[in-house]
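Student: You'll find protein_37.pdb just under this line, and it carries PDB, C-alpha atoms.
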```pdb
ATOM      1  CA  MET A 263      43.450  15.275 -20.777
ATOM      2  CA  ALA A 264      44.809  13.157 -23.624
ATOM      3  CA  ARG A 265      43.338  13.575 -27.082
ATOM      4  CA  LEU A 266      39.754  12.281 -26.957
ATOM      5  CA  LYS A 267      39.039   9.439 -29.393
ATOM      6  CA  ILE A 268      35.543   8.601 -30.658
ATOM      7  CA  GLY A 269      35.091   5.249 -32.416
ATOM      8  CA  THR A 270      32.560   4.801 -35.204
ATOM      9  CA  ARG A 271      31.677   2.882 -38.345
ATOM     10  CA  GLY A 272      32.692   4.530 -41.589
ATOM     11  CA  SER A 273      29.327   4.915 -43.311
ATOM     12  CA  PRO A 274      28.182   8.464 -44.121
ATOM     13  CA  LEU A 275      25.407   8.237 -41.520
ATOM     14  CA  ALA A 276      27.732   6.857 -38.826
ATOM     15  CA  LEU A 277      30.155   9.719 -39.465
ATOM     16  CA  VAL A 278      27.366  12.298 -39.203
ATOM     17  CA  GLN A 279      26.423  10.781 -35.833
ATOM     18  CA  ALA A 280      30.029  10.799 -34.625
ATOM     19  CA  HIS A 281      30.412  14.440 -35.652
ATOM     20  CA  GLU A 282      27.198  15.335 -33.813
ATOM     21  CA  THR A 283      28.644  13.684 -30.699
ATOM     22  CA  ARG A 284      31.880  15.637 -31.071
ATOM     23  CA  ASP A 285      30.017  18.918 -31.619
ATOM     24  CA  ARG A 286      27.870  18.370 -28.528
ATOM     25  CA  LEU A 287      30.947  17.610 -26.410
ATOM     26  CA  VAL A 288      32.663  20.743 -27.716
ATOM     27  CA  ALA A 289      29.606  22.875 -26.930
ATOM     28  CA  ALA A 290      29.052  21.375 -23.473
ATOM     29  CA  HIS A 291      32.642  21.597 -22.260
ATOM     30  CA  GLY A 292      34.279  24.310 -24.355
ATOM     31  CA  LEU A 293      36.697  21.800 -25.873
ATOM     32  CA  ASN A 294      38.847  22.417 -28.927
ATOM     33  CA  PRO A 295      37.449  20.334 -31.825
ATOM     34  CA  ALA A 296      41.029  19.594 -32.890
ATOM     35  CA  ASP A 297      41.533  17.718 -29.623
ATOM     36  CA  ILE A 298      38.797  15.213 -30.475
ATOM     37  CA  GLU A 299      39.678  12.529 -33.013
ATOM     38  CA  ILE A 300      37.048  10.484 -34.855
ATOM     39  CA  VAL A 301      38.430   6.979 -35.381
ATOM     40  CA  VAL A 302      36.818   4.962 -38.187
ATOM     41  CA  ILE A 303      36.695   1.231 -37.490
ATOM     42  CA  SER A 304      35.796  -1.359 -40.115
ATOM     43  CA  VAL A 305      33.026  -3.742 -39.015
ATOM     44  CA  THR A 306      31.945  -7.093 -40.425
ATOM     45  CA  GLY A 307      28.410  -5.909 -41.097
ATOM     46  CA  ASP A 308      29.683  -3.317 -43.568
ATOM     47  CA  GLN A 309      32.016  -5.773 -45.296
ATOM     48  CA  ILE A 310      29.407  -8.468 -46.048
ATOM     49  CA  ARG A 311      26.474  -6.986 -47.956
ATOM     50  CA  ASP A 312      25.147  -9.846 -50.054
ATOM     51  CA  ARG A 313      23.378 -11.784 -47.293
ATOM     52  CA  PRO A 314      20.763 -10.989 -44.627
ATOM     53  CA  LEU A 315      22.195 -10.147 -41.206
ATOM     54  CA  ALA A 316      20.298 -13.068 -39.687
ATOM     55  CA  GLU A 317      22.403 -15.474 -41.756
ATOM     56  CA  ILE A 318      25.774 -14.060 -40.747
ATOM     57  CA  GLY A 319      25.423 -13.314 -37.056
ATOM     58  CA  GLY A 320      22.892 -10.559 -36.419
ATOM     59  CA  LYS A 321      23.224  -7.160 -34.804
ATOM     60  CA  GLY A 322      26.670  -7.582 -33.276
ATOM     61  CA  LEU A 323      28.166  -7.437 -36.759
ATOM     62  CA  PHE A 324      27.887  -3.639 -36.663
ATOM     63  CA  THR A 325      29.402  -3.237 -33.211
ATOM     64  CA  LYS A 326      31.855  -6.024 -32.282
ATOM     65  CA  GLU A 327      35.055  -4.582 -33.749
ATOM     66  CA  ILE A 328      34.256  -1.148 -32.329
ATOM     67  CA  GLU A 329      33.557  -2.596 -28.889
ATOM     68  CA  ASP A 330      36.764  -4.653 -29.022
ATOM     69  CA  THR A 331      38.678  -1.443 -29.761
ATOM     70  CA  LEU A 332      36.941   0.286 -26.851
ATOM     71  CA  LEU A 333      37.675  -2.564 -24.443
ATOM     72  CA  ALA A 334      41.325  -2.497 -25.536
ATOM     73  CA  GLY A 335      41.524   1.145 -24.478
ATOM     74  CA  ASN A 336      42.301   2.466 -27.964
ATOM     75  CA  ILE A 337      39.276   4.786 -28.012
ATOM     76  CA  HIS A 338      37.447   6.565 -25.190
ATOM     77  CA  MET A 339      33.911   6.098 -26.463
ATOM     78  CA  ALA A 340      31.935   4.530 -29.290
ATOM     79  CA  VAL A 341      28.992   6.059 -31.141
ATOM     80  CA  HIS A 342      26.253   3.691 -32.322
ATOM     81  CA  SER A 343      22.807   3.741 -33.815
ATOM     82  CA  MET A 344      21.038   2.268 -30.791
ATOM     83  CA  LYS A 345      18.936  -0.061 -32.923
ATOM     84  CA  ASP A 346      22.171  -1.804 -34.029
ATOM     85  CA  LEU A 347      23.245  -2.714 -30.503
ATOM     86  CA  PRO A 348      22.567  -6.268 -29.279
ATOM     87  CA  ALA A 349      20.227  -6.576 -26.313
ATOM     88  CA  VAL A 350      23.115  -7.338 -23.937
ATOM     89  CA  LEU A 351      26.360  -5.361 -23.997
ATOM     90  CA  PRO A 352      29.778  -6.994 -23.501
ATOM     91  CA  ASP A 353      31.022  -7.145 -19.912
ATOM     92  CA  GLY A 354      32.795  -3.946 -18.994
ATOM     93  CA  LEU A 355      30.867  -1.651 -21.349
ATOM     94  CA  VAL A 356      27.907   0.645 -20.642
ATOM     95  CA  ILE A 357      25.790   3.185 -22.500
ATOM     96  CA  ALA A 358      26.687   6.494 -20.891
ATOM     97  CA  ALA A 359      24.600   8.867 -23.008
ATOM     98  CA  VAL A 360      21.750   8.923 -25.500
ATOM     99  CA  LEU A 361      21.522  11.981 -27.751
ATOM    100  CA  PRO A 362      18.180  13.672 -28.534
ATOM    101  CA  ARG A 363      16.189  11.170 -30.562
ATOM    102  CA  GLU A 364      15.315  11.911 -34.171
ATOM    103  CA  ASP A 365      12.042  10.870 -35.846
ATOM    104  CA  ALA A 366      11.637   7.186 -34.907
ATOM    105  CA  ARG A 367       9.324   6.341 -37.812
ATOM    106  CA  ASP A 368      10.068   4.295 -40.908
ATOM    107  CA  ALA A 369      10.176   6.066 -44.249
ATOM    108  CA  PHE A 370       8.440   4.592 -47.307
ATOM    109  CA  LEU A 371      10.381   5.377 -50.477
ATOM    110  CA  SER A 372       9.196   4.809 -54.028
ATOM    111  CA  LEU A 373       9.743   6.489 -57.388
ATOM    112  CA  THR A 374       6.513   5.083 -58.814
ATOM    113  CA  THR A 375       3.850   5.187 -56.103
ATOM    114  CA  ASN A 376       2.853   7.159 -53.017
ATOM    115  CA  SER A 377       1.993   4.430 -50.534
ATOM    116  CA  ILE A 378       2.057   0.716 -49.741
ATOM    117  CA  ALA A 379      -1.621   0.500 -50.644
ATOM    118  CA  GLU A 380      -0.917   1.820 -54.153
ATOM    119  CA  LEU A 381       1.771  -0.764 -54.961
ATOM    120  CA  PRO A 382       0.584  -3.131 -57.697
ATOM    121  CA  VAL A 383      -0.031  -6.797 -56.892
ATOM    122  CA  GLY A 384       3.276  -8.677 -56.790
ATOM    123  CA  ALA A 385       5.408  -5.527 -56.617
ATOM    124  CA  LYS A 386       8.956  -5.862 -55.301
ATOM    125  CA  VAL A 387       9.946  -4.162 -52.066
ATOM    126  CA  GLY A 388      13.599  -3.997 -51.064
ATOM    127  CA  SER A 389      14.426  -4.748 -47.442
ATOM    128  CA  SER A 390      17.031  -6.463 -45.294
ATOM    129  CA  SER A 391      14.898  -6.208 -42.145
ATOM    130  CA  VAL A 392      12.870  -9.191 -40.924
ATOM    131  CA  ARG A 393      10.730  -6.713 -38.964
ATOM    132  CA  ARG A 394       9.817  -4.563 -41.957
ATOM    133  CA  THR A 395       9.298  -7.647 -44.123
ATOM    134  CA  ALA A 396       6.942  -9.260 -41.604
ATOM    135  CA  GLN A 397       4.995  -6.032 -41.101
ATOM    136  CA  LEU A 398       4.749  -5.514 -44.852
ATOM    137  CA  LEU A 399       3.527  -9.058 -45.504
ATOM    138  CA  ARG A 400       0.974  -8.651 -42.742
ATOM    139  CA  MET A 401      -0.474  -5.691 -44.666
ATOM    140  CA  ARG A 402       0.135  -6.947 -48.193
ATOM    141  CA  PRO A 403       0.898 -10.700 -48.402
ATOM    142  CA  ASP A 404       0.920 -10.434 -52.214
ATOM    143  CA  LEU A 405       4.085  -8.324 -52.280
ATOM    144  CA  LYS A 406       7.540  -9.764 -52.955
ATOM    145  CA  THR A 407      10.623  -8.757 -50.998
ATOM    146  CA  VAL A 408      14.153  -8.567 -52.372
ATOM    147  CA  LEU A 409      17.313  -8.203 -50.297
ATOM    148  CA  PHE A 410      18.448  -4.598 -49.846
ATOM    149  CA  ARG A 411      21.645  -4.228 -47.806
ATOM    150  CA  GLY A 412      24.213  -1.480 -47.664
ATOM    151  CA  ASN A 413      24.239   2.101 -46.443
ATOM    152  CA  VAL A 414      21.549   4.679 -47.180
ATOM    153  CA  GLN A 415      23.165   5.823 -50.422
ATOM    154  CA  THR A 416      23.507   2.241 -51.694
ATOM    155  CA  ARG A 417      19.838   1.519 -51.051
ATOM    156  CA  LEU A 418      18.742   4.727 -52.751
ATOM    157  CA  ARG A 419      20.850   3.801 -55.772
ATOM    158  CA  LYS A 420      19.272   0.337 -55.943
ATOM    159  CA  LEU A 421      15.834   1.934 -55.868
ATOM    160  CA  SER A 422      16.750   4.319 -58.695
ATOM    161  CA  GLU A 423      18.058   1.366 -60.725
ATOM    162  CA  GLY A 424      14.687  -0.359 -60.475
ATOM    163  CA  VAL A 425      15.879  -3.299 -58.385
ATOM    164  CA  ALA A 426      12.654  -2.810 -56.409
ATOM    165  CA  ASP A 427       9.489  -0.726 -56.696
ATOM    166  CA  ALA A 428       9.805   0.564 -53.141
ATOM    167  CA  THR A 429      11.905   0.298 -50.008
ATOM    168  CA  PHE A 430      12.008   1.447 -46.398
ATOM    169  CA  LEU A 431      14.632   3.398 -44.489
ATOM    170  CA  ALA A 432      14.584   5.105 -41.115
ATOM    171  CA  CYS A 433      13.341   8.696 -41.217
ATOM    172  CA  ALA A 434      16.046   9.528 -38.677
ATOM    173  CA  GLY A 435      18.922   8.557 -40.943
ATOM    174  CA  LEU A 436      17.532  10.400 -43.939
ATOM    175  CA  ASN A 437      16.905  13.508 -41.843
ATOM    176  CA  ARG A 438      20.424  13.437 -40.389
ATOM    177  CA  LEU A 439      21.923  13.070 -43.866
ATOM    178  CA  GLY A 440      19.889  15.980 -45.240
ATOM    179  CA  LEU A 441      17.921  13.613 -47.486
ATOM    180  CA  ALA A 442      14.430  14.169 -46.098
ATOM    181  CA  GLU A 443      13.197  15.036 -49.588
ATOM    182  CA  LYS A 444      13.721  11.385 -50.565
ATOM    183  CA  ILE A 445      10.916  10.311 -48.196
ATOM    184  CA  THR A 446       7.730   9.475 -50.098
ATOM    185  CA  ALA A 447       5.766   9.002 -46.876
ATOM    186  CA  ALA A 448       6.609   8.697 -43.179
ATOM    187  CA  MET A 449       4.873   5.606 -41.826
ATOM    188  CA  PRO A 450       2.624   6.292 -38.804
ATOM    189  CA  THR A 451       3.666   4.123 -35.865
ATOM    190  CA  GLU A 452       0.084   2.823 -35.729
ATOM    191  CA  ILE A 453       0.662   1.225 -39.139
ATOM    192  CA  MET A 454       4.347   0.289 -38.986
ATOM    193  CA  LEU A 455       5.871   0.103 -35.517
ATOM    194  CA  PRO A 456       9.570   1.062 -35.627
ATOM    195  CA  ALA A 457      12.603  -0.977 -34.668
ATOM    196  CA  LEU A 458      13.360  -0.809 -30.960
ATOM    197  CA  ALA A 459      15.492   2.289 -30.249
ATOM    198  CA  GLN A 460      15.237   3.467 -33.871
ATOM    199  CA  GLY A 461      16.306   7.083 -34.303
ATOM    200  CA  ALA A 462      18.431   7.131 -31.131
ATOM    201  CA  ILE A 463      22.203   7.572 -30.975
ATOM    202  CA  GLY A 464      23.915   5.869 -28.052
ATOM    203  CA  ILE A 465      27.420   6.488 -26.761
ATOM    204  CA  GLU A 466      29.206   3.538 -25.194
ATOM    205  CA  MET A 467      32.172   3.683 -22.820
ATOM    206  CA  ARG A 468      34.201   1.465 -20.523
ATOM    207  CA  GLU A 469      32.673   0.888 -17.123
ATOM    208  CA  GLY A 470      34.652   2.743 -14.472
ATOM    209  CA  ASP A 471      36.046   5.414 -16.797
ATOM    210  CA  GLU A 472      34.938   8.323 -14.634
ATOM    211  CA  GLU A 473      36.513  11.060 -16.741
ATOM    212  CA  THR A 474      34.670   9.969 -19.886
ATOM    213  CA  LYS A 475      31.483   9.403 -17.896
ATOM    214  CA  GLN A 476      31.581  12.987 -16.652
ATOM    215  CA  LEU A 477      32.049  14.302 -20.195
ATOM    216  CA  LEU A 478      29.151  12.256 -21.533
ATOM    217  CA  SER A 479      26.719  12.942 -18.708
ATOM    218  CA  ALA A 480      26.518  16.544 -19.879
ATOM    219  CA  ILE A 481      25.180  15.562 -23.318
ATOM    220  CA  ASN A 482      22.762  12.817 -22.256
ATOM    221  CA  HIS A 483      19.160  13.586 -23.273
ATOM    222  CA  THR A 484      17.030  12.352 -20.393
ATOM    223  CA  GLU A 485      13.740  11.816 -22.263
ATOM    224  CA  SER A 486      15.409   9.876 -25.082
ATOM    225  CA  SER A 487      17.394   7.818 -22.575
ATOM    226  CA  ILE A 488      14.230   6.842 -20.674
ATOM    227  CA  ALA A 489      12.358   5.823 -23.818
ATOM    228  CA  VAL A 490      15.300   3.789 -25.076
ATOM    229  CA  ALA A 491      15.696   2.052 -21.697
ATOM    230  CA  CYS A 492      12.087   0.865 -21.925
ATOM    231  CA  GLU A 493      12.459  -0.356 -25.501
ATOM    232  CA  ARG A 494      15.742  -2.161 -24.881
ATOM    233  CA  ALA A 495      14.308  -3.907 -21.800
ATOM    234  CA  PHE A 496      11.558  -5.248 -24.076
ATOM    235  CA  LEU A 497      14.232  -6.399 -26.547
ATOM    236  CA  GLN A 498      16.355  -8.049 -23.861
ATOM    237  CA  THR A 499      13.422  -9.929 -22.321
ATOM    238  CA  LEU A 500      12.540 -11.365 -25.714
ATOM    239  CA  ASP A 501      16.227 -12.117 -26.373
ATOM    240  CA  GLY A 502      15.752 -10.272 -29.630
ATOM    241  CA  SER A 503      18.066 -10.705 -32.565
ATOM    242  CA  CYS A 504      17.971 -10.004 -36.271
ATOM    243  CA  ARG A 505      16.169 -13.343 -36.655
ATOM    244  CA  THR A 506      13.122 -12.195 -34.683
ATOM    245  CA  PRO A 507      10.663  -9.605 -36.061
ATOM    246  CA  LEU A 508      10.334  -7.303 -33.043
ATOM    247  CA  ALA A 509       9.113  -3.720 -32.920
ATOM    248  CA  GLY A 510       8.341  -1.179 -30.260
ATOM    249  CA  HIS A 511       8.140   2.491 -29.451
ATOM    250  CA  ALA A 512       8.105   4.392 -26.174
ATOM    251  CA  PHE A 513       7.333   8.078 -25.815
ATOM    252  CA  LEU A 514       6.754  10.551 -23.017
ATOM    253  CA  ASP A 515       3.506  12.467 -22.718
ATOM    254  CA  GLY A 516       3.012  14.834 -19.812
ATOM    255  CA  GLY A 517       5.363  12.982 -17.516
ATOM    256  CA  ILE A 518       3.856   9.592 -18.373
ATOM    257  CA  LEU A 519       5.706   6.952 -20.382
ATOM    258  CA  ASN A 520       3.711   5.143 -23.067
ATOM    259  CA  PHE A 521       4.960   1.970 -24.737
ATOM    260  CA  ARG A 522       3.644  -0.272 -27.486
ATOM    261  CA  GLY A 523       5.504  -3.359 -28.629
ATOM    262  CA  HIS A 524       4.964  -6.475 -30.646
ATOM    263  CA  ALA A 525       6.570  -9.604 -32.024
ATOM    264  CA  LEU A 526       5.602 -11.187 -35.322
ATOM    265  CA  THR A 527       6.171 -14.440 -37.122
ATOM    266  CA  LEU A 528       8.444 -14.122 -40.144
ATOM    267  CA  ASP A 529       5.520 -14.412 -42.560
ATOM    268  CA  GLY A 530       3.552 -11.691 -40.757
ATOM    269  CA  VAL A 531       0.597 -13.987 -40.154
ATOM    270  CA  HIS A 532       0.796 -13.792 -36.351
ATOM    271  CA  CYS A 533       1.347 -10.623 -34.337
ATOM    272  CA  PHE A 534       1.529 -10.539 -30.536
ATOM    273  CA  GLU A 535       1.079  -6.992 -29.308
ATOM    274  CA  THR A 536       0.934  -5.245 -25.950
ATOM    275  CA  THR A 537       0.951  -1.751 -24.477
ATOM    276  CA  ARG A 538       2.095  -0.220 -21.201
ATOM    277  CA  GLN A 539       1.706   3.134 -19.490
ATOM    278  CA  GLY A 540       3.384   4.298 -16.321
ATOM    279  CA  PRO A 541       5.782   6.660 -14.531
ATOM    280  CA  LEU A 542       9.174   7.437 -16.044
ATOM    281  CA  SER A 543      10.937   5.686 -13.170
ATOM    282  CA  ASP A 544       9.371   2.382 -14.260
ATOM    283  CA  ALA A 545      10.760   2.521 -17.819
ATOM    284  CA  ALA A 546      12.908  -0.614 -17.727
ATOM    285  CA  HIS A 547      10.364  -2.570 -15.683
ATOM    286  CA  MET A 548       7.576  -1.643 -18.122
ATOM    287  CA  GLY A 549       9.606  -2.829 -21.111
ATOM    288  CA  ALA A 550      10.609  -6.072 -19.424
ATOM    289  CA  ASP A 551       7.058  -6.781 -18.284
ATOM    290  CA  ALA A 552       5.697  -6.121 -21.757
ATOM    291  CA  GLY A 553       8.329  -8.432 -23.210
ATOM    292  CA  ALA A 554       7.426 -11.201 -20.779
ATOM    293  CA  GLU A 555       3.765 -10.943 -21.778
ATOM    294  CA  VAL A 556       4.524 -11.082 -25.497
ATOM    295  CA  LYS A 557       6.915 -13.997 -24.975
ATOM    296  CA  ALA A 558       4.275 -15.958 -23.063
ATOM    297  CA  ARG A 559       1.591 -15.283 -25.646
ATOM    298  CA  GLY A 560       3.775 -15.938 -28.674
ATOM    299  CA  GLY A 561       5.379 -19.075 -27.306
ATOM    300  CA  ALA A 562       7.117 -21.303 -29.826
ATOM    301  CA  LEU A 563       5.888 -19.163 -32.720
ATOM    302  CA  ILE A 564       8.372 -16.393 -31.843
ATOM    303  CA  ALA A 565      11.110 -18.581 -30.315
ATOM    304  CA  PHE A 566      13.374 -18.679 -33.346
TER     305      PHE A 566
END
```
Written as structure tokens, that's how I'd like the structure from this file.
Tutor:
Amino acid sequence: MARLKIGTRGSPLALVQAHETRDRLVAAHGLNPADIEIVVISVTGDQIRDRPLAEIGGKGLFTKEIEDTLLAGNIHMAVHSMKDLPAVLPDGLVIAAVLPREDARDAFLSLTTNSIAELPVGAKVGSSSVRRTAQLLRMRPDLKTVLFRGNVQTRLRKLSEGVADATFLACAGLNRLGLAEKITAAMPTEIMLPALAQGAIGIEMREGDEETKQLLSAINHTESSIAVACERAFLQTLDGSCRTPLAGHAFLDGGILNFRGHALTLDGVHCFETTRQGPLSDAAHMGADAGAEVKARGGALIAF
């Protein structure tokens, strides 16, 4: 076959994820690593770092240019952090594989304290996530949030410079970058529910590309794919964007799928939560049904 091209953002974490994809393809099919090219594509979300995503277009800012390149046929597949993908993919594109999910939890990071509870009144917490901000304010309405955008290294630098007293990152990204020692505390999902599909890597391809589909089917992790399908159905039903504080986590336990999801108001005052449990084959239906319930209960309060 022609040289295989994998599209990705250029951040250190995105490159680690693209290399993991390449390594898994090599191992599964006995390919020569030299025959797989990693193509770095500049995306709007990485170019504009001084404003919240909600103000400049939301999640698609990290994927649009990559997906355009994929649709044009200039790459065979695209590697994404699944939590960055909009609820609905562009026509002609599908997720063909989900790699084994990393730790889905949020990481609390601080150089001065060990937990949210220990932060002094009025402390500054860096975040660019409406979800984390709403969850934080629900726990500690006295805290102040300051905008933290940029890749993992940029956010760690801002923390070391004292721009904020604490911040949050995904445990998955820090683990994949070999920076687990930076984690002050991993947040239990009972306290801080993760972003939908957090910790999962998804690989996107053109619909109908059977050769690429066959390559990717060999590296799909079934359990991670099922959990992500449930979470993304919840997201799609709520028409979630970066403007809406949504969270959810699905996990398998003894052949049963468990899901918990919620939507919050931006100030964290209101939280509409639900849970589901059922067979793995009902993953998407469970997520969609849970989303419909939350949407009905939250009404205009979560219809941003």
Student: Taking 6 positions as the minimum chain separation for residues in the same chain, which residues sit within 10 Å of Arg522 of chain A when counting all atoms listed in the file? Answer as number ranges by chain.
Tutor: A: 451-452, 455, 493, 496, 509-513, 535-539, 549, 552
Student: Evaluate the PyMOL selection byres ((chain A and resi 563) around 10) on the structure here and hand back the selected residues as a ChimeraX atom specification.
Tutor: /A:525-528,532-534,557,559-562,564-566
Student: Expanded to explicit residues, what is the PyMOL selection byres ((chain A and resi 272-281) around 7) for this file, as an mmCIF file with C-alpha atoms, in the frame of the given file?
Tutor:
```cif
data_model
loop_
_atom_site.group_PDB
_atom_site.id
_atom_site.type_symbol
_atom_site.label_atom_id
_atom_site.label_comp_id
_atom_site.auth_asym_id
_atom_site.auth_seq_id
_atom_site.Cartn_x
_atom_site.Cartn_y
_atom_site.Cartn_z
ATOM 1 C CA THR A 270 32.560 4.801 -35.204
ATOM 2 C CA ARG A 271 31.677 2.882 -38.345
ATOM 3 C CA GLU A 282 27.198 15.335 -33.813
ATOM 4 C CA THR A 283 28.644 13.684 -30.699
ATOM 5 C CA ARG A 284 31.880 15.637 -31.071
ATOM 6 C CA ASP A 285 30.017 18.918 -31.619
ATOM 7 C CA VAL A 302 36.818 4.962 -38.187
ATOM 8 C CA ILE A 303 36.695 1.231 -37.490
ATOM 9 C CA SER A 304 35.796 -1.359 -40.115
ATOM 10 C CA VAL A 341 28.992 6.059 -31.141
ATOM 11 C CA ASN A 413 24.239 2.101 -46.443
ATOM 12 C CA GLY A 435 18.922 8.557 -40.943
ATOM 13 C CA LEU A 439 21.923 13.070 -43.866
#
```
Student: Between atom CA of Gln460 of chain A and atom CA of Phe521 of chain A, what is the distance, to one decimal in Å?
Tutor: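 These atoms are spaced 13.8 Å apart.
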Student: Any idea what's packed within 8 Å of Leu436 of chain A, counting all atoms listed in the file, ignoring anything in its chain fewer than 6 positions away? Could you give it as a list in words?
Tutor: Val414, Ala442, Lys444 and Ile445 of chain A
Student: I'd like the neighbourhood of segment 466-468 of chain A as an MDAnalysis selection string, where a residue qualifies if any of its atoms comes within 9 Å (using all atoms listed in the file), though same-chain residues fewer than 4 positions away should be ignored.
Tutor: chainID A and resid 329 332:333 335 337:342 354:359 474:475
Student: Rank nothing, just name the residue among A:Arg286, A:Arg265, A:Arg400, A:Lys406 nearest to Val383 of chain A, using all atoms listed in the file.
Tutor: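 Comparing A:Arg286, A:Arg265, A:Arg400, A:Lys406 against Val383 of chain A, the winner is A:Lys406.
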Student: Apply the PyMOL selection byres ((chain A and resi 291-298) around 9) to the displayed file and report the matching residues as a PyMOL selection string.
Tutor: chain A and resi 264-268+284-290+299-300+477+480
Student: Give the centre and edge lengths of an axis-aligned box, in Å to one decimal, that holds all listed atoms of segment 469-477 of chain A with 5 Å on each side, as AutoDock Vina command-line options.
Tutor:
```
--center_x 34.0 --center_y 7.6 --center_z -17.3 --size_x 15.0 --size_y 23.4 --size_z 15.7
```
Student: For atom CA of Thr484 of chain A and atom CA of Ser543 of chain A, quote the distance in Å rounded to one decimal.
Tutor: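 Taking atom CA of Thr484 of chain A and atom CA of Ser543 of chain A, their separation equals 11.6 Å.
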Student: So which one's closest to Ala447 of chain A, A:Gln397, A:Ser377, A:Thr429, A:Ser422? Using all atoms listed in the file, please.
Tutor: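 Checking each of A:Gln397, A:Ser377, A:Thr429, A:Ser422 against Ala447 of chain A, counting all atoms listed in the file, the winner is A:Ser377.
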Student: Work out how far apart atom CA of Gln498 of chain A and atom CA of Ile518 of chain A are and give it in Å to one decimal.
Tutor: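 So the answer is 22.3 Å.
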Student: Determine, counting only C-alpha atoms, which protein, DNA and RNA residues have an atom within 7 Å of an atom of Ala554 of chain A; residues of the same chain fewer than 4 positions away are not included. Present the result as a ChimeraX atom specification.
Tutor: /A:499,550,558
Student: Counting all atoms listed in the file, figure out which residue out of A:Glu443, A:Glu423, A:Asp404, A:Glu469 gets nearest to Asp353 of chain A.
Tutor: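 Closest candidate: A:Glu469.
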Student: Can you tell me, as a PyMOL selection string, what residues are no more than 7 Å from Ser372 of chain A when counting all atoms listed in the file, ignoring any on the same chain fewer than 6 positions away?
Tutor: chain A and resi 427-429+446
Student: Which residue is closest to Ile463 of chain A? Choose from A:Ala489, A:Ala434, A:Ala546, A:Val360 and count only C-alpha atoms.
Tutor: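 With only C-alpha atoms as the atom set, the closest residue is A:Val360.
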Student: Using all atoms listed in the file, find all polymer residues with an atom at most 6 Å away from the point (12.7, 7.0, -46.7); report them as a compact mmCIF listing (two decimals) with C-alpha atoms, keeping the file's coordinate frame.
Tutor:
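Okay, out02.txt is ready:
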```txt
# COMPACT_ATOMS: atom_id res chain seq x y z
CA ALA A 369 10.18 6.07 -44.25
CA PHE A 370 8.44 4.59 -47.31
CA LEU A 371 10.38 5.38 -50.48
CA PHE A 430 12.01 1.45 -46.40
CA LEU A 431 14.63 3.40 -44.49
CA CYS A 433 13.34 8.70 -41.22
CA LYS A 444 13.72 11.38 -50.56
CA ILE A 445 10.92 10.31 -48.20
```
